[in-house]
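Below is target.pdb, holding PDB, C-alpha atoms.
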```pdb
ATOM      1  CA  MET A   1     142.909 119.521  58.852  1.00  0.00           C
ATOM      2  CA  THR A   2     139.988 121.527  60.178  1.00  0.00           C
ATOM      3  CA  VAL A   3     139.921 123.334  63.500  1.00  0.00           C
ATOM      4  CA  SER A   4     137.259 120.878  64.745  1.00  0.00           C
ATOM      5  CA  ALA A   5     139.473 117.945  63.808  1.00  0.00           C
ATOM      6  CA  LEU A   6     142.461 119.466  65.593  1.00  0.00           C
ATOM      7  CA  ARG A   7     140.373 120.105  68.707  1.00  0.00           C
ATOM      8  CA  ALA A   8     139.017 116.565  68.620  1.00  0.00           C
ATOM      9  CA  ARG A   9     142.514 115.095  68.396  1.00  0.00           C
ATOM     10  CA  SER A  10     143.563 117.127  71.406  1.00  0.00           C
ATOM     11  CA  GLY A  11     140.496 115.966  73.335  1.00  0.00           C
ATOM     12  CA  GLN A  12     138.663 119.267  72.981  1.00  0.00           C
ATOM     13  CA  THR A  13     135.339 119.609  71.222  1.00  0.00           C
ATOM     14  CA  ASP A  14     133.348 122.679  70.448  1.00  0.00           C
ATOM     15  CA  LEU A  15     129.717 122.945  71.491  1.00  0.00           C
ATOM     16  CA  GLN A  16     128.319 122.036  68.064  1.00  0.00           C
ATOM     17  CA  ASP A  17     130.499 118.921  67.805  1.00  0.00           C
ATOM     18  CA  ASP A  18     129.691 117.923  71.370  1.00  0.00           C
ATOM     19  CA  ASN A  19     125.943 118.288  70.718  1.00  0.00           C
ATOM     20  CA  ARG A  20     126.216 116.131  67.600  1.00  0.00           C
ATOM     21  CA  LEU A  21     128.185 113.518  69.512  1.00  0.00           C
ATOM     22  CA  ARG A  22     125.684 113.625  72.410  1.00  0.00           C
ATOM     23  CA  ASP A  23     122.814 113.026  69.939  1.00  0.00           C
ATOM     24  CA  ALA A  24     124.580 109.945  68.541  1.00  0.00           C
ATOM     25  CA  ILE A  25     125.354 108.628  72.039  1.00  0.00           C
ATOM     26  CA  ASP A  26     121.754 109.111  73.154  1.00  0.00           C
ATOM     27  CA  ALA A  27     120.491 107.343  70.015  1.00  0.00           C
ATOM     28  CA  VAL A  28     122.655 104.299  70.796  1.00  0.00           C
ATOM     29  CA  PHE A  29     121.467 104.245  74.414  1.00  0.00           C
ATOM     30  CA  GLU A  30     117.877 104.347  73.213  1.00  0.00           C
ATOM     31  CA  GLU A  31     118.424 101.664  70.572  1.00  0.00           C
ATOM     32  CA  LEU A  32     119.974  99.356  73.171  1.00  0.00           C
ATOM     33  CA  GLY A  33     117.334 100.186  75.779  1.00  0.00           C
ATOM     34  CA  LEU A  34     119.922 101.358  78.312  1.00  0.00           C
ATOM     35  CA  SER A  35     118.304 103.330  81.104  1.00  0.00           C
ATOM     36  CA  ASP A  36     120.116 105.435  83.692  1.00  0.00           C
ATOM     37  CA  GLU A  37     120.321 102.370  85.964  1.00  0.00           C
ATOM     38  CA  LYS A  38     122.814 100.841  83.520  1.00  0.00           C
ATOM     39  CA  ALA A  39     125.413 103.539  84.207  1.00  0.00           C
ATOM     40  CA  PRO A  40     128.549 101.345  83.905  1.00  0.00           C
ATOM     41  CA  ARG A  41     127.471 100.004  80.494  1.00  0.00           C
ATOM     42  CA  ARG A  42     126.490 103.485  79.339  1.00  0.00           C
ATOM     43  CA  ALA A  43     129.882 104.844  80.429  1.00  0.00           C
ATOM     44  CA  THR A  44     131.697 102.155  78.434  1.00  0.00           C
ATOM     45  CA  ILE A  45     129.674 102.878  75.313  1.00  0.00           C
ATOM     46  CA  GLU A  46     130.108 106.630  75.649  1.00  0.00           C
ATOM     47  CA  ALA A  47     133.875 106.265  76.132  1.00  0.00           C
ATOM     48  CA  ARG A  48     134.174 104.153  72.975  1.00  0.00           C
ATOM     49  CA  MET A  49     132.116 106.591  70.959  1.00  0.00           C
ATOM     50  CA  ARG A  50     134.127 109.588  72.182  1.00  0.00           C
ATOM     51  CA  ASP A  51     137.340 107.700  71.367  1.00  0.00           C
ATOM     52  CA  ALA A  52     136.035 106.913  67.877  1.00  0.00           C
ATOM     53  CA  TYR A  53     135.189 110.587  67.461  1.00  0.00           C
ATOM     54  CA  ARG A  54     138.724 111.620  68.414  1.00  0.00           C
ATOM     55  CA  ARG A  55     140.386 109.016  66.192  1.00  0.00           C
ATOM     56  CA  GLY A  56     138.505 108.835  62.986  1.00  0.00           C
ATOM     57  CA  PRO A  57     135.834 109.889  60.589  1.00  0.00           C
ATOM     58  CA  ARG A  58     133.128 111.675  62.499  1.00  0.00           C
ATOM     59  CA  HIS A  59     130.212 110.378  60.485  1.00  0.00           C
ATOM     60  CA  ASN A  60     127.253 109.440  62.633  1.00  0.00           C
ATOM     61  CA  LEU A  61     127.286 105.877  61.311  1.00  0.00           C
ATOM     62  CA  ASN A  62     130.896 105.413  62.437  1.00  0.00           C
ATOM     63  CA  LEU A  63     130.052 106.732  65.888  1.00  0.00           C
ATOM     64  CA  VAL A  64     126.960 104.545  66.205  1.00  0.00           C
ATOM     65  CA  ASP A  65     128.937 101.525  65.024  1.00  0.00           C
ATOM     66  CA  ALA A  66     131.545 102.155  67.722  1.00  0.00           C
ATOM     67  CA  GLY A  67     128.805 102.371  70.332  1.00  0.00           C
ATOM     68  CA  LEU A  68     127.034  99.226  69.221  1.00  0.00           C
ATOM     69  CA  ARG A  69     130.292  97.261  69.207  1.00  0.00           C
ATOM     70  CA  ALA A  70     131.057  98.254  72.805  1.00  0.00           C
TER      71      ALA A  70
END
```
What does the file become when written as structure tokens?
Amino acid sequence: MTVSALRARSGQTDLQDDNRLRDAIDAVFEELGLSDEKAPRRATIEARMRDAYRRGPRHNLNLVDAGLRA
């Protein structure tokens, strides 16, 4: 298991991983048309995507899928 994977399982992410995750989260927000006024919905989606990142394959498609299913 890689260092990034171990950090992710423990809830820690390094800056590069966090930037990649942030890009995926922002892409889902944009695709769904969620502005800052929709903070509760955005928080739910972000939590699901971060959970998916911690649990499984960290491919962007998996992360986006988790966000769209939220």
Measuring atom to atom with all atoms listed in the file, identify which of A:Ala70, A:Leu61, A:Val28, A:Leu21 is nearest to A:Ile45.
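Checking each candidate against A:Ile45, we get A:Ala70 as the closest.
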Given the choices A:Asp14, A:Gly67, A:Asp23, A:His59, which gets closest to A:Arg42 if the distance is worked out from only C-alpha atoms?
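Among the listed residues, A:Gly67 lies closest to A:Arg42.
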Here is a test: counting only C-alpha atoms, which residue of A:Glu37, A:Arg54, A:Ala43, A:Leu32 is nearest to A:Asp17?
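Closest residue, counting only C-alpha atoms: A:Arg54.
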One decimal, in Å: what's the spacing between atom CA of A:Ala66 and atom CA of A:Leu15?
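Taking atom CA of A:Ala66 as the start and atom CA of A:Leu15 as the end point, the length is 21.2 Å.
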Centre, x/y/z edge lengths, axis-aligned box for stretch 43-55 of chain A with 5 Å per side, as JSON:
```
{"center_x": 135.0, "center_y": 106.9, "center_z": 73.3, "size_x": 20.7, "size_y": 19.5, "size_z": 24.2}
```
Measure the distance from atom CA of A:Arg69 to atom CA of A:Asp18 in Å and round it to one decimal.
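Interatomic distance, atom CA of A:Arg69 to atom CA of A:Asp18: 20.8 Å.
You will find atom CA of A:Asp26 at 18.9 Å from atom CA of A:Pro57.
Shortest atom-to-atom contact with A:Leu63 among A:Ala27, A:Leu34, A:Ala39, A:Met49: A:Met49, counting all atoms listed in the file.
Candidate residues A:Gln16, A:Ser35, A:Ile25, A:Glu30 were compared for distance to A:Asp65, and the nearest is A:Ile25, using all atoms listed in the file.
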From the list A:Arg55, A:Leu68, A:Asn62, A:Arg48, which residue is nearest A:Phe29 when using all atoms listed in the file?
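The shortest atom-to-atom distance to A:Phe29 comes from A:Leu68.
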